[in-house]
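*Asks:* Structure incoming, see below.
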Amino acid sequence: MMRADFAANGSMLIGLPPDDDPDDGDGAGRSKARAIFISDLHLGTPGCQASALLDFIKANPSDYLYLVGDIVDGWQLRRRWFWPELHNDVVQKLLRRARKGCRIIYIPGNHDEFARRYFGHQFGGIEVADDAVHVTADGKSLWVTHGDSFDGVIQCAKWLAYLGDNLYEFTLRLNRHLNHLRSRLGLSYWSLSAYLKHKVKKAVMYVTDFEEAVAHEARRRGHDGVVCGHIHRAEMRSINGVLYCNDGDWVESCTALVEHRDGRLELVHWIAEPQAKPGSAMVPAAVT
Ligand SMILES: [Mn+2]
């Protein structure tokens, strides 16, 4: 099979079958991100902003693409089947990316825990893993995890920090087993996050505790930072010397974490603009 080569003028493909999808961002001259992290797409639900997501993926090719959990919403699909064409397009696009050489790592979350049976396997070039370690171009080690394993430990995270790591790890495991059991009993995942959405005052506290718990675990594992999702709240900041990155979601905020070629990390908020020039629709998600 012939490799894709660009002519000197950078525009013509030679010896390849016609490209049915020229707008997939593989064109020469475009600055390509090194890695992209997205999570909480919730494909299979009406809430998924599939159109914006598809635009974002098309416009932003990368060497690595991390799908950080809750990609397909298995719980919602079990309750009611919802799978429009556009959701198919997203899946097709991802498979096509993988075929073209983008390394795609899929880390299932709690809503797509059905995929957790397939750790170590790959589907059409998309690798499934429990978690991952991404090393940035400038040498930062980032632990990549969805984040639902922290639901059970949030409220006592501060105590657990004192009580030691063994107990902490035990509680993490307990949360996972508990929810695995619930799922076998046909009960939905018990999410502290969802529960607290009804209790707004506590929700603010929950977010902070979640962020601290995840950062704590990343440091315990010896990483410089962590990339997670789960709470649908994009954020990038340093917590006790650990870089905490949450890539947000594609239900409400349409956010992603991007690693540029020099290793610089940026949280982007995708705003669909029909007239936008390549790359111009990326704006920083949080102006702080
Ligand atoms: Mn989740």
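Identifiers in this document derive from the order of the structure tokens: chains are assigned A, B, ..., residues are numbered from 1 separately in each chain, and ligands are numbered from 1 in order of occurrence.
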Write out as CSV the residues of chain A that have any atom within 10 Å of an atom of ligand 1, one row each with the nearest atom pair and its distance in Å to one decimal, counting only C-alpha atoms and all ligand atoms, sorted by chain and then rising number.

*Replies:*
```
residue,atom,partner,partner_atom_place_in_ligand_line,distance
A:Ser39,CA,ligand 1,1 (Mn),8.6
A:Asp40,CA,ligand 1,1 (Mn),6.6
A:Leu41,CA,ligand 1,1 (Mn),9.9
A:His42,CA,ligand 1,1 (Mn),9.2
A:Val68,CA,ligand 1,1 (Mn),9.2
A:Gly69,CA,ligand 1,1 (Mn),6.6
A:Asp70,CA,ligand 1,1 (Mn),5.4
A:Ile71,CA,ligand 1,1 (Mn),9.1
A:Asp73,CA,ligand 1,1 (Mn),9.4
A:Pro108,CA,ligand 1,1 (Mn),8.9
A:Gly109,CA,ligand 1,1 (Mn),5.3
A:Asn110,CA,ligand 1,1 (Mn),5.1
A:His111,CA,ligand 1,1 (Mn),5.9
A:Asp112,CA,ligand 1,1 (Mn),8.4
A:Glu113,CA,ligand 1,1 (Mn),9.6
A:His146,CA,ligand 1,1 (Mn),6.7
A:Gly147,CA,ligand 1,1 (Mn),6.9
A:Asp148,CA,ligand 1,1 (Mn),5.6
A:Ser149,CA,ligand 1,1 (Mn),9.3
A:Asp151,CA,ligand 1,1 (Mn),9.6
A:Tyr189,CA,ligand 1,1 (Mn),9.5
A:Ser191,CA,ligand 1,1 (Mn),8.3
A:Ser193,CA,ligand 1,1 (Mn),8.9
A:Ala194,CA,ligand 1,1 (Mn),9.7
A:Cys228,CA,ligand 1,1 (Mn),9.6
A:Gly229,CA,ligand 1,1 (Mn),6.9
A:His230,CA,ligand 1,1 (Mn),3.7
A:Ile231,CA,ligand 1,1 (Mn),6.6
A:His232,CA,ligand 1,1 (Mn),8.2
A:Asp249,CA,ligand 1,1 (Mn),9.8
```

*Asks:* Would you mind exporting the chosen residues as a PDB file, in the first residue's frame, restricted to C-alpha atoms?

*Replies:*
```
ATOM      1  CA  SER A  39     -14.275  13.063  27.408  1.00  0.00           C
ATOM      2  CA  ASP A  40     -17.930  12.866  28.358  1.00  0.00           C
ATOM      3  CA  LEU A  41     -19.247  12.911  24.806  1.00  0.00           C
ATOM      4  CA  HIS A  42     -22.301  10.876  25.863  1.00  0.00           C
ATOM      5  CA  VAL A  68     -11.237   9.943  28.438  1.00  0.00           C
ATOM      6  CA  GLY A  69     -14.462   8.111  29.267  1.00  0.00           C
ATOM      7  CA  ASP A  70     -18.235   8.410  28.968  1.00  0.00           C
ATOM      8  CA  ILE A  71     -17.834   8.348  25.204  1.00  0.00           C
ATOM      9  CA  ASP A  73     -23.702   6.399  27.162  1.00  0.00           C
ATOM     10  CA  PRO A 108     -13.868   3.938  29.446  1.00  0.00           C
ATOM     11  CA  GLY A 109     -15.798   5.803  32.117  1.00  0.00           C
ATOM     12  CA  ASN A 110     -18.757   4.832  34.252  1.00  0.00           C
ATOM     13  CA  HIS A 111     -21.355   5.422  31.534  1.00  0.00           C
ATOM     14  CA  ASP A 112     -19.469   3.184  29.112  1.00  0.00           C
ATOM     15  CA  GLU A 113     -18.219   0.648  31.612  1.00  0.00           C
ATOM     16  CA  HIS A 146     -11.850   9.153  33.658  1.00  0.00           C
ATOM     17  CA  GLY A 147     -12.302   9.975  37.344  1.00  0.00           C
ATOM     18  CA  ASP A 148     -15.392   8.060  38.458  1.00  0.00           C
ATOM     19  CA  SER A 149     -13.315   5.911  40.787  1.00  0.00           C
ATOM     20  CA  ASP A 151     -16.793   9.314  43.617  1.00  0.00           C
ATOM     21  CA  TYR A 189     -24.377   3.920  38.674  1.00  0.00           C
ATOM     22  CA  SER A 191     -22.779   9.045  41.202  1.00  0.00           C
ATOM     23  CA  SER A 193     -21.787  14.082  41.267  1.00  0.00           C
ATOM     24  CA  ALA A 194     -25.318  13.459  40.026  1.00  0.00           C
ATOM     25  CA  CYS A 228      -9.567  13.473  33.725  1.00  0.00           C
ATOM     26  CA  GLY A 229     -13.209  14.184  32.963  1.00  0.00           C
ATOM     27  CA  HIS A 230     -16.352  12.880  34.676  1.00  0.00           C
ATOM     28  CA  ILE A 231     -17.584  16.024  36.452  1.00  0.00           C
ATOM     29  CA  HIS A 232     -18.217  17.989  33.237  1.00  0.00           C
ATOM     30  CA  ASP A 249     -17.517  17.603  28.200  1.00  0.00           C
TER      31      ASP A 249
END
```

*Asks:* Neighbouring residues of stretch 118-132 of chain A were defined as those with any atom within 9 Å, considering only C-alpha atoms; residues of the same chain fewer than 4 positions away were excluded. Please report them as a ChimeraX atom specification.

*Replies:* /A:68,94-96,98-99,101-109,114,142-146

*Asks:* Those same residues, written as a PDB file, in the first residue's frame with C-alpha atoms?

*Replies:*
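Full text of out-v3.pdb as output:
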```
ATOM      1  CA  VAL A  68     -11.237   9.943  28.438  1.00  0.00           C
ATOM      2  CA  LEU A  94     -12.601   8.375  14.912  1.00  0.00           C
ATOM      3  CA  LEU A  95     -12.030   5.024  13.179  1.00  0.00           C
ATOM      4  CA  ARG A  96     -10.810   6.848  10.101  1.00  0.00           C
ATOM      5  CA  ALA A  98      -7.000   5.706  13.723  1.00  0.00           C
ATOM      6  CA  ARG A  99      -6.577   4.206  10.252  1.00  0.00           C
ATOM      7  CA  GLY A 101      -2.130   6.793  11.922  1.00  0.00           C
ATOM      8  CA  CYS A 102      -3.463   8.812  14.837  1.00  0.00           C
ATOM      9  CA  ARG A 103      -2.901   6.853  18.031  1.00  0.00           C
ATOM     10  CA  ILE A 104      -6.295   6.698  19.748  1.00  0.00           C
ATOM     11  CA  ILE A 105      -6.533   5.514  23.334  1.00  0.00           C
ATOM     12  CA  TYR A 106      -9.976   4.889  24.758  1.00  0.00           C
ATOM     13  CA  ILE A 107     -10.305   4.939  28.542  1.00  0.00           C
ATOM     14  CA  PRO A 108     -13.868   3.938  29.446  1.00  0.00           C
ATOM     15  CA  GLY A 109     -15.798   5.803  32.117  1.00  0.00           C
ATOM     16  CA  PHE A 114     -19.322  -2.116  29.218  1.00  0.00           C
ATOM     17  CA  LEU A 142       0.355  12.954  32.867  1.00  0.00           C
ATOM     18  CA  TRP A 143      -1.853  10.265  34.346  1.00  0.00           C
ATOM     19  CA  VAL A 144      -5.006   9.903  32.234  1.00  0.00           C
ATOM     20  CA  THR A 145      -8.113   8.546  33.954  1.00  0.00           C
ATOM     21  CA  HIS A 146     -11.850   9.153  33.658  1.00  0.00           C
TER      22      HIS A 146
END
```

*Asks:* Taking into account only C-alpha atoms, which residue in the set A:Ile36, A:Cys254, A:Leu185, A:Val242 is nearest to A:Ala213?

*Replies:*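 For A:Ala213, the nearest of the given residues is A:Val242.
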
*Asks:* Can you list, as an mmCIF file with C-alpha atoms, in the first residue's frame, every protein, DNA or RNA residue that comes within 9 Å of A:Arg34 when you count only C-alpha atoms, leaving out same-chain residues fewer than 4 positions away?

*Replies:*
```cif
data_model
loop_
_atom_site.group_PDB
_atom_site.id
_atom_site.type_symbol
_atom_site.label_atom_id
_atom_site.label_comp_id
_atom_site.auth_asym_id
_atom_site.auth_seq_id
_atom_site.Cartn_x
_atom_site.Cartn_y
_atom_site.Cartn_z
ATOM 1 C CA PRO A 61 -5.940 16.430 13.787
ATOM 2 C CA SER A 62 -3.375 15.161 16.266
ATOM 3 C CA ASP A 63 -0.730 12.503 16.766
ATOM 4 C CA TYR A 64 -2.520 11.212 19.866
ATOM 5 C CA LEU A 65 -6.187 11.306 20.716
ATOM 6 C CA THR A 136 4.238 15.519 26.804
ATOM 7 C CA ALA A 137 6.792 16.821 24.310
ATOM 8 C CA VAL A 258 -4.900 20.231 23.607
ATOM 9 C CA GLU A 259 -1.176 19.586 23.786
ATOM 10 C CA HIS A 260 0.678 21.719 21.253
ATOM 11 C CA ARG A 261 3.805 20.542 19.513
ATOM 12 C CA ASP A 262 6.078 22.108 22.124
ATOM 13 C CA GLY A 263 4.309 20.358 24.990
#
```

*Asks:* Given only C-alpha atoms as the basis, pick out the residue of A:Leu174, A:Val207, A:Leu77, A:Ala215 nearest to A:Arg233.

*Replies:*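 Of A:Leu174, A:Val207, A:Leu77, A:Ala215, the one nearest A:Arg233 is A:Val207, counting only C-alpha atoms.
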
*Asks:* Could you state the separation of atom CA of A:Val90 and atom CA of A:Val135 in Å, given to one decimal place?

*Replies:*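 Taking atom CA of A:Val90 and atom CA of A:Val135, their separation equals 26.5 Å.
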